[in-house]
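S.K.: The structure that follows is given in the form of structure tokens.
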Amino acid sequence: METFTVEAVVLKTDDFGDANRVVTLFTKEFGKLEANAYGCRRARSPLSGALQMFNHISVQITRSPKVDTIREADIINFYDALTNDLERLTYASFLFEVVNRMTFPRQQERETFDLLIKALPVLSKRNPRVAALIGACQFMETSGEQLNFERCVHCGREIDGDAAISLLDGGAVCMDCVDAAQDARPYPEGLRRTFETMLGFDWQDDTRLSFNSRQLKAAETFFIDYVQSVLGSGLRSVQFIRDFLS
Ligand SMILES: [Zn+2]
């Protein structure tokens, strides 16, 4: 059986049995991987500290035909603030759920790994709602399901001023083509500028992010609809945001 060591972020954990956990990792080397960690919920287990959601870890895995097993895990970075603060936890969970649901196992996606690594400290220090939305927005751009925010998907003309946007057609629709889109919804200039800012956001830049609450709400509502329409079903974290944080 082959054993290998990878660098990863803990994307999701599911408990099973008395003390075990299925851990979904987003690895630098192989993209998303799932592996079992036996006994890791026992306090004395050397794995117990490392295999928590949002941790950045180095992990040794043994591959077998049936199931991969985690042997060792060491913390590279952890983010206390994400698990101690309900709002941060919820928004970070939103970004992680989007990435988990939109990716397939064993497809190397270095961009996504890098994005998670850059987003984690920002989610734990700055406005988590804005950070999660920026993270999800940038992730979707690399997902193969990206929308065209800048040009009309029907005629190719650059969008200027207020327009419409269609999830079915895959992006912006100019006012001349709006009748051709079945699910056109308003795409005001303010929303376009918000997406532009989010897509261009540099995670190392600590200047203030200024979105007014109306812009942010519009971007968030649109974005959640967009992700859920791609997935064809709802996101659990979104339900939680609506029930507890809205
Ligand atoms: Zn057009």
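How things are named: the first chain in the structure tokens is A, the next is B, and so on; residues count from 1 in each chain; ligands count from 1 in the order shown.
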List every residue of segment 62-149 of chain A that has an atom at most 10 Å from any atom of segment 198-221 of chain A, giving for each one its closest atom pair and the distance in Å to one decimal, counting only C-alpha atoms, sorted by chain and then by ascending residue number, as CSV.
M.R.:
residue,atom,partner,partner_atom,distance
A:Leu115,CA,A:Trp203,CA,8.8
A:Ile117,CA,A:Trp203,CA,9.9
A:Lys118,CA,A:Trp203,CA,6.1
A:Ala119,CA,A:Trp203,CA,6.8
A:Leu120,CA,A:Trp203,CA,9.8
A:Pro121,CA,A:Trp203,CA,9.2
A:Val122,CA,A:Trp203,CA,7.2
A:Arg126,CA,A:Asp206,CA,9.1
A:Asn127,CA,A:Leu209,CA,8.7
A:Arg129,CA,A:Leu216,CA,9.0
A:Val130,CA,A:Leu216,CA,7.7
A:Ala131,CA,A:Trp203,CA,9.0
A:Ala132,CA,A:Glu220,CA,9.9
A:Leu133,CA,A:Glu220,CA,6.8
A:Ile134,CA,A:Met198,CA,5.1
A:Gly135,CA,A:Met198,CA,8.3
A:Ala136,CA,A:Met198,CA,9.5
A:Cys137,CA,A:Leu199,CA,6.5
A:Gln138,CA,A:Leu199,CA,5.4
A:Phe139,CA,A:Leu199,CA,9.2
A:Met140,CA,A:Leu199,CA,9.8
A:Glu141,CA,A:Leu199,CA,8.0
S.K.: Grab me every residue within 9 Å of ligand 1, counting only C-alpha atoms and all ligand atoms, and send it over as a compact mmCIF listing (two decimals) with all heavy atoms, in the first residue's frame.
M.R.:
# COMPACT_ATOMS: atom_id res chain seq x y z
N ARG A 151 -19.56 41.23 -20.77
CA ARG A 151 -20.06 41.36 -22.14
C ARG A 151 -21.40 40.66 -22.27
O ARG A 151 -21.66 39.66 -21.61
CB ARG A 151 -19.07 40.73 -23.13
CG ARG A 151 -17.86 41.58 -23.34
CD ARG A 151 -16.89 40.99 -24.35
NE ARG A 151 -15.76 41.88 -24.51
CZ ARG A 151 -15.79 42.97 -25.28
NH1 ARG A 151 -16.84 43.24 -26.04
NH2 ARG A 151 -14.74 43.77 -25.34
N CYS A 152 -22.21 41.17 -23.17
CA CYS A 152 -23.52 40.55 -23.41
C CYS A 152 -23.31 39.15 -23.99
O CYS A 152 -22.56 38.97 -24.95
CB CYS A 152 -24.31 41.41 -24.40
SG CYS A 152 -25.84 40.62 -24.94
N VAL A 153 -23.94 38.16 -23.38
CA VAL A 153 -23.74 36.78 -23.84
C VAL A 153 -24.44 36.52 -25.19
O VAL A 153 -24.16 35.53 -25.84
CB VAL A 153 -24.21 35.73 -22.81
CG1 VAL A 153 -23.31 35.73 -21.59
CG2 VAL A 153 -25.66 35.93 -22.39
N HIS A 154 -25.33 37.43 -25.60
CA HIS A 154 -26.00 37.25 -26.89
C HIS A 154 -25.26 37.92 -28.04
O HIS A 154 -25.00 37.29 -29.05
CB HIS A 154 -27.45 37.75 -26.80
CG HIS A 154 -28.31 36.85 -25.99
ND1 HIS A 154 -28.92 35.73 -26.49
CD2 HIS A 154 -28.63 36.88 -24.67
CE1 HIS A 154 -29.59 35.10 -25.53
NE2 HIS A 154 -29.43 35.78 -24.41
N CYS A 155 -24.91 39.21 -27.85
CA CYS A 155 -24.30 39.93 -28.97
C CYS A 155 -22.83 40.27 -28.76
O CYS A 155 -22.16 40.75 -29.67
CB CYS A 155 -25.09 41.20 -29.30
SG CYS A 155 -24.95 42.46 -28.03
N GLY A 156 -22.32 40.02 -27.56
CA GLY A 156 -20.89 40.24 -27.32
C GLY A 156 -20.52 41.68 -27.00
O GLY A 156 -19.36 41.98 -26.72
N ARG A 157 -21.50 42.56 -27.03
CA ARG A 157 -21.20 43.97 -26.77
C ARG A 157 -20.80 44.16 -25.30
O ARG A 157 -21.35 43.51 -24.41
CB ARG A 157 -22.44 44.81 -27.08
CG ARG A 157 -22.20 46.31 -27.01
CD ARG A 157 -23.52 47.07 -27.03
NE ARG A 157 -24.33 46.71 -28.19
CZ ARG A 157 -25.64 46.98 -28.27
NH1 ARG A 157 -26.27 47.55 -27.28
NH2 ARG A 157 -26.31 46.63 -29.35
N GLU A 158 -19.86 45.08 -25.08
CA GLU A 158 -19.45 45.36 -23.71
C GLU A 158 -20.60 46.02 -22.96
O GLU A 158 -21.26 46.92 -23.48
CB GLU A 158 -18.23 46.29 -23.72
CG GLU A 158 -17.50 46.25 -22.40
CD GLU A 158 -16.18 47.00 -22.44
OE1 GLU A 158 -15.50 46.94 -23.49
OE2 GLU A 158 -15.85 47.63 -21.44
N ILE A 159 -20.85 45.55 -21.76
CA ILE A 159 -21.97 46.08 -20.98
C ILE A 159 -21.58 47.45 -20.42
O ILE A 159 -20.51 47.63 -19.86
CB ILE A 159 -22.31 45.12 -19.81
CG1 ILE A 159 -22.75 43.75 -20.33
CG2 ILE A 159 -23.37 45.73 -18.90
CD1 ILE A 159 -24.07 43.71 -21.05
N ALA A 172 -24.21 38.35 -18.48
CA ALA A 172 -24.86 39.63 -18.72
C ALA A 172 -25.58 39.64 -20.07
O ALA A 172 -25.17 38.97 -21.02
CB ALA A 172 -23.81 40.74 -18.68
N VAL A 173 -26.66 40.40 -20.11
CA VAL A 173 -27.43 40.55 -21.34
C VAL A 173 -27.71 42.05 -21.50
O VAL A 173 -28.21 42.68 -20.57
CB VAL A 173 -28.78 39.79 -21.25
CG1 VAL A 173 -29.57 39.94 -22.54
CG2 VAL A 173 -28.56 38.32 -20.92
N CYS A 174 -27.35 42.60 -22.68
CA CYS A 174 -27.58 44.04 -22.87
C CYS A 174 -29.07 44.30 -23.08
O CYS A 174 -29.84 43.38 -23.34
CB CYS A 174 -26.74 44.56 -24.04
SG CYS A 174 -27.42 44.14 -25.65
N MET A 175 -29.45 45.56 -22.97
CA MET A 175 -30.88 45.88 -23.03
C MET A 175 -31.48 45.57 -24.40
O MET A 175 -32.67 45.30 -24.51
CB MET A 175 -31.13 47.35 -22.63
CG MET A 175 -30.81 47.65 -21.16
SD MET A 175 -31.26 46.36 -19.96
CE MET A 175 -32.99 46.70 -19.70
N ASP A 176 -30.66 45.56 -25.45
CA ASP A 176 -31.18 45.23 -26.79
C ASP A 176 -31.51 43.74 -26.92
O ASP A 176 -32.32 43.34 -27.75
CB ASP A 176 -30.15 45.59 -27.88
CG ASP A 176 -29.98 47.10 -28.00
OD1 ASP A 176 -30.91 47.82 -27.58
OD2 ASP A 176 -28.91 47.53 -28.47
N CYS A 177 -30.84 42.92 -26.14
CA CYS A 177 -31.02 41.47 -26.26
C CYS A 177 -31.87 40.89 -25.13
O CYS A 177 -32.10 39.68 -25.09
CB CYS A 177 -29.66 40.77 -26.22
SG CYS A 177 -28.54 41.24 -27.55
N VAL A 178 -32.34 41.76 -24.26
CA VAL A 178 -32.97 41.27 -23.03
C VAL A 178 -34.19 40.38 -23.30
O VAL A 178 -34.44 39.43 -22.56
CB VAL A 178 -33.30 42.45 -22.08
CG1 VAL A 178 -34.42 43.32 -22.61
CG2 VAL A 178 -33.59 41.96 -20.67
S.K.: Quote the spacing between atom CA of Val10 of chain A and atom CA of Val22 of chain A in Å to one decimal place.
M.R.: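 For atom CA of Val10 of chain A relative to atom CA of Val22 of chain A, the distance reads 10.7 Å.
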S.K.: From the set A:Glu7, A:Glu87, A:Asp74, A:Asp80, which residue has the shortest atom-to-atom contact distance to Phe240 of chain A, counting only C-alpha atoms?
M.R.: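 Nearest candidate to Phe240 of chain A out of A:Glu7, A:Glu87, A:Asp74, A:Asp80: A:Glu87.
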S.K.: Between atom CA of Thr62 of chain A and atom CA of Phe104 of chain A, measure the distance and give it in Å to one decimal.
M.R.: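 Spanning atom CA of Thr62 of chain A to atom CA of Phe104 of chain A is a straight-line distance of 20.0 Å.
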S.K.: Can you list, as a VMD selection string, every protein, DNA or RNA residue that comes within 12 Å of Ile57 of chain A when you count only C-alpha atoms, leaving out same-chain residues fewer than 4 positions away?
M.R.: chain A and resid 5 to 11 25 to 28 47 49 to 53 70 72 to 79 117
S.K.: Mind dumping the selected residues with C-alpha atoms as a compact mmCIF listing (two decimals), in the first residue's frame?
M.R.:
# COMPACT_ATOMS: atom_id res chain seq x y z
CA THR A 5 2.30 13.11 2.48
CA VAL A 6 0.35 16.11 1.24
CA GLU A 7 -0.40 19.66 2.30
CA ALA A 8 -4.12 20.25 2.73
CA VAL A 9 -6.95 22.30 4.11
CA VAL A 10 -9.70 20.45 5.99
CA LEU A 11 -12.76 21.10 3.84
CA LEU A 25 -9.29 17.47 2.37
CA PHE A 26 -8.45 19.97 -0.29
CA THR A 27 -4.84 19.13 -1.04
CA LYS A 28 -2.23 21.17 -2.83
CA LEU A 47 -4.85 13.16 15.12
CA GLY A 49 -6.18 18.43 17.10
CA ALA A 50 -5.21 18.54 13.45
CA LEU A 51 -8.30 17.17 11.75
CA GLN A 52 -10.66 20.04 12.44
CA MET A 53 -12.50 22.09 9.81
CA ILE A 70 -4.99 9.16 7.49
CA GLU A 72 -0.47 11.33 10.72
CA ALA A 73 -1.49 14.96 10.63
CA ASP A 74 0.37 18.07 11.72
CA ILE A 75 -1.00 21.57 11.92
CA ILE A 76 0.65 24.18 9.70
CA ASN A 77 -1.87 26.91 10.58
CA PHE A 78 -5.15 27.04 12.44
CA TYR A 79 -7.78 29.72 12.79
CA ILE A 117 -5.05 29.41 1.96
S.K.: I'd like the interatomic distance between atom CA of Pro65 of chain A and atom CA of Gln107 of chain A, to a tenth of an Å.
M.R.: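 It comes out at 18.0 Å.
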S.K.: Leaving out Asp162 of chain A and any residue of its chain fewer than 2 positions from it, which residues lie within 9 Å of it when counting only C-alpha atoms, given as number ranges by chain?
M.R.: A: 159-160, 164, 174-175, 186-190, 192
S.K.: I'd like to know which of A:Val67, A:Leu147, A:Ile224, A:Ala19 is closest to Ala35 of chain A, using only C-alpha atoms.
M.R.: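 When distances to Ala35 of chain A are compared using only C-alpha atoms, the smallest one comes from A:Val67.
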S.K.: Would you list the contacts of Gln228 of chain A as an mmCIF file with N, CA and C atoms, in the first residue's frame, taking every protein, DNA or RNA residue within 12 Å and counting only C-alpha atoms, but skipping same-chain residues closer than 4 positions in sequence?
M.R.:
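Saved file result-v3.cif follows:
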data_model
loop_
_atom_site.group_PDB
_atom_site.id
_atom_site.type_symbol
_atom_site.label_atom_id
_atom_site.label_comp_id
_atom_site.auth_asym_id
_atom_site.auth_seq_id
_atom_site.Cartn_x
_atom_site.Cartn_y
_atom_site.Cartn_z
ATOM 1 N N PHE A 94 -19.788 28.539 4.427
ATOM 2 C CA PHE A 94 -20.402 28.804 3.124
ATOM 3 C C PHE A 94 -19.352 28.653 2.012
ATOM 4 N N GLU A 97 -18.304 25.032 1.717
ATOM 5 C CA GLU A 97 -19.350 24.179 1.135
ATOM 6 C C GLU A 97 -19.431 24.387 -0.384
ATOM 7 N N VAL A 98 -19.321 25.636 -0.813
ATOM 8 C CA VAL A 98 -19.338 25.909 -2.263
ATOM 9 C C VAL A 98 -18.191 25.154 -2.936
ATOM 10 N N ARG A 101 -18.814 21.301 -2.843
ATOM 11 C CA ARG A 101 -19.873 20.828 -3.731
ATOM 12 C C ARG A 101 -19.527 21.000 -5.211
ATOM 13 N N MET A 102 -18.680 21.976 -5.507
ATOM 14 C CA MET A 102 -18.382 22.276 -6.910
ATOM 15 C C MET A 102 -17.145 21.560 -7.437
ATOM 16 N N MET A 140 -15.699 30.622 -8.247
ATOM 17 C CA MET A 140 -16.588 30.305 -9.369
ATOM 18 C C MET A 140 -15.972 30.712 -10.705
ATOM 19 N N GLU A 145 -17.765 27.128 -14.625
ATOM 20 C CA GLU A 145 -19.177 27.529 -14.656
ATOM 21 C C GLU A 145 -19.276 29.049 -14.564
ATOM 22 N N LEU A 167 -28.921 33.612 -15.663
ATOM 23 C CA LEU A 167 -28.163 32.437 -15.215
ATOM 24 C C LEU A 167 -28.207 31.341 -16.272
ATOM 25 N N THR A 221 -27.321 37.878 -2.726
ATOM 26 C CA THR A 221 -28.543 37.201 -3.187
ATOM 27 C C THR A 221 -28.328 36.621 -4.586
ATOM 28 N N PHE A 222 -27.757 37.455 -5.456
ATOM 29 C CA PHE A 222 -27.516 37.003 -6.815
ATOM 30 C C PHE A 222 -26.576 35.797 -6.816
ATOM 31 N N PHE A 223 -25.520 35.914 -6.039
ATOM 32 C CA PHE A 223 -24.486 34.905 -6.051
ATOM 33 C C PHE A 223 -24.980 33.554 -5.531
ATOM 34 N N ILE A 224 -25.766 33.618 -4.473
ATOM 35 C CA ILE A 224 -26.311 32.379 -3.896
ATOM 36 C C ILE A 224 -27.237 31.694 -4.911
ATOM 37 N N GLY A 232 -27.961 22.813 -8.701
ATOM 38 C CA GLY A 232 -29.282 22.189 -8.814
ATOM 39 C C GLY A 232 -29.913 21.878 -7.465
ATOM 40 N N SER A 233 -29.305 22.341 -6.386
ATOM 41 C CA SER A 233 -29.925 22.145 -5.067
ATOM 42 C C SER A 233 -29.364 23.167 -4.094
ATOM 43 N N GLY A 234 -29.985 23.224 -2.928
ATOM 44 C CA GLY A 234 -29.617 24.253 -1.957
ATOM 45 C C GLY A 234 -28.323 23.954 -1.221
ATOM 46 N N LEU A 235 -27.765 24.999 -0.619
ATOM 47 C CA LEU A 235 -26.575 24.853 0.211
ATOM 48 C C LEU A 235 -27.012 24.905 1.672
ATOM 49 N N ARG A 236 -26.473 24.002 2.463
ATOM 50 C CA ARG A 236 -26.857 23.957 3.874
ATOM 51 C C ARG A 236 -26.486 25.238 4.629
ATOM 52 N N SER A 237 -25.292 25.742 4.323
ATOM 53 C CA SER A 237 -24.833 26.947 5.021
ATOM 54 C C SER A 237 -25.708 28.156 4.708
ATOM 55 N N VAL A 238 -26.296 28.182 3.513
ATOM 56 C CA VAL A 238 -27.158 29.308 3.149
ATOM 57 C C VAL A 238 -28.423 29.290 4.009
ATOM 58 N N GLN A 239 -28.958 28.108 4.223
ATOM 59 C CA GLN A 239 -30.124 27.992 5.095
ATOM 60 C C GLN A 239 -29.780 28.512 6.486
#
S.K.: Please give the complete set of residues from segment 43-242 of chain A that DSSP, run on the backbone, assigns to alpha helix (DSSP H), formatted as a PyMOL selection string.
M.R.: chain A and resi 80-84+86-102+110-125+128-141+189-200+213-231+236-240
S.K.: List every residue of segment 23-82 of chain A that DSSP, applied to the backbone of this structure, places in strand (DSSP E or B), and write the result as an NGL selection string.
M.R.: :A and (23-27 or 31-37 or 56-62 or 69-77)
S.K.: Would you export the selected residues with N, CA, C and O atoms as a tab-separated table (two decimals), in the first residue's frame, please?
M.R.:
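Generated output (out-v7.tsv):
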chain	number	residue	atom	x	y	z
A	23	VAL	N	-12.69	12.55	6.61
A	23	VAL	CA	-12.19	13.91	6.46
A	23	VAL	C	-12.07	14.21	4.96
A	23	VAL	O	-11.43	13.45	4.22
A	24	THR	N	-12.70	15.28	4.54
A	24	THR	CA	-12.54	15.73	3.16
A	24	THR	C	-11.47	16.81	3.16
A	24	THR	O	-11.59	17.81	3.86
A	25	LEU	N	-10.43	16.55	2.41
A	25	LEU	CA	-9.29	17.47	2.37
A	25	LEU	C	-9.23	18.14	1.02
A	25	LEU	O	-9.54	17.52	0.00
A	26	PHE	N	-8.83	19.39	1.00
A	26	PHE	CA	-8.45	19.97	-0.29
A	26	PHE	C	-6.94	20.07	-0.29
A	26	PHE	O	-6.35	20.86	0.42
A	27	THR	N	-6.31	19.21	-1.08
A	27	THR	CA	-4.84	19.13	-1.04
A	27	THR	C	-4.21	19.98	-2.15
A	27	THR	O	-4.82	20.23	-3.19
A	31	GLY	N	-5.81	18.02	-5.35
A	31	GLY	CA	-7.18	18.53	-5.25
A	31	GLY	C	-7.91	17.87	-4.09
A	31	GLY	O	-7.30	17.52	-3.08
A	32	LYS	N	-9.19	17.61	-4.28
A	32	LYS	CA	-10.00	17.10	-3.18
A	32	LYS	C	-9.77	15.61	-2.96
A	32	LYS	O	-9.77	14.83	-3.90
A	33	LEU	N	-9.58	15.23	-1.71
A	33	LEU	CA	-9.41	13.81	-1.34
A	33	LEU	C	-10.25	13.53	-0.10
A	33	LEU	O	-10.36	14.38	0.77
A	34	GLU	N	-10.75	12.33	-0.01
A	34	GLU	CA	-11.46	11.91	1.18
A	34	GLU	C	-10.67	10.79	1.83
A	34	GLU	O	-10.19	9.89	1.14
A	35	ALA	N	-10.53	10.84	3.16
A	35	ALA	CA	-9.81	9.75	3.83
A	35	ALA	C	-10.41	9.54	5.22
A	35	ALA	O	-10.94	10.47	5.82
A	36	ASN	N	-10.31	8.31	5.69
A	36	ASN	CA	-10.83	8.00	7.02
A	36	ASN	C	-9.75	8.22	8.08
A	36	ASN	O	-8.59	7.87	7.86
A	37	ALA	N	-10.17	8.78	9.19
A	37	ALA	CA	-9.26	8.95	10.33
A	37	ALA	C	-9.86	8.15	11.48
A	37	ALA	O	-10.87	8.56	12.06
A	56	HIS	N	-5.12	24.15	8.28
A	56	HIS	CA	-4.14	23.95	7.20
A	56	HIS	C	-3.12	22.97	7.77
A	56	HIS	O	-2.50	23.25	8.78
A	57	ILE	N	-3.02	21.81	7.13
A	57	ILE	CA	-2.24	20.73	7.75
A	57	ILE	C	-1.30	20.05	6.75
A	57	ILE	O	-1.45	20.19	5.53
A	58	SER	N	-0.38	19.31	7.32
A	58	SER	CA	0.42	18.37	6.53
A	58	SER	C	-0.07	16.99	6.96
A	58	SER	O	-0.20	16.72	8.15
A	59	VAL	N	-0.38	16.15	6.00
A	59	VAL	CA	-1.06	14.91	6.36
A	59	VAL	C	-0.50	13.71	5.61
A	59	VAL	O	-0.20	13.80	4.41
A	60	GLN	N	-0.31	12.64	6.35
A	60	GLN	CA	0.20	11.42	5.73
A	60	GLN	C	-0.96	10.44	5.54
A	60	GLN	O	-1.71	10.15	6.48
A	61	ILE	N	-1.08	9.97	4.31
A	61	ILE	CA	-2.23	9.13	3.94
A	61	ILE	C	-1.74	7.81	3.35
A	61	ILE	O	-0.78	7.80	2.57
A	62	THR	N	-2.40	6.74	3.73
A	62	THR	CA	-2.12	5.46	3.08
A	62	THR	C	-3.28	5.14	2.15
A	62	THR	O	-4.45	5.18	2.55
A	69	THR	N	-6.60	6.08	4.24
A	69	THR	CA	-6.56	6.24	5.69
A	69	THR	C	-5.53	7.28	6.09
A	69	THR	O	-4.40	7.26	5.59
A	70	ILE	N	-5.92	8.16	7.00
A	70	ILE	CA	-4.99	9.16	7.49
A	70	ILE	C	-4.15	8.55	8.61
A	70	ILE	O	-4.67	7.99	9.57
A	71	ARG	N	-2.82	8.63	8.46
A	71	ARG	CA	-1.89	8.07	9.45
A	71	ARG	C	-1.42	9.13	10.42
A	71	ARG	O	-1.31	8.88	11.62
A	72	GLU	N	-1.02	10.26	9.88
A	72	GLU	CA	-0.47	11.33	10.72
A	72	GLU	C	-0.96	12.66	10.18
A	72	GLU	O	-1.18	12.79	8.98
A	73	ALA	N	-1.11	13.62	11.08
A	73	ALA	CA	-1.49	14.96	10.63
A	73	ALA	C	-0.86	16.00	11.55
A	73	ALA	O	-0.90	15.85	12.76
A	74	ASP	N	-0.25	16.99	10.94
A	74	ASP	CA	0.37	18.07	11.72
A	74	ASP	C	-0.18	19.41	11.27
A	74	ASP	O	-0.34	19.64	10.06
A	75	ILE	N	-0.44	20.25	12.24
A	75	ILE	CA	-1.00	21.57	11.92
A	75	ILE	C	0.08	22.49	11.37
A	75	ILE	O	1.15	22.62	11.96
A	76	ILE	N	-0.22	23.12	10.23
A	76	ILE	CA	0.65	24.18	9.70
A	76	ILE	C	0.11	25.53	10.20
A	76	ILE	O	0.84	26.38	10.64
A	77	ASN	N	-1.20	25.69	10.11
A	77	ASN	CA	-1.87	26.91	10.58
A	77	ASN	C	-3.27	26.57	11.04
A	77	ASN	O	-3.92	25.71	10.42
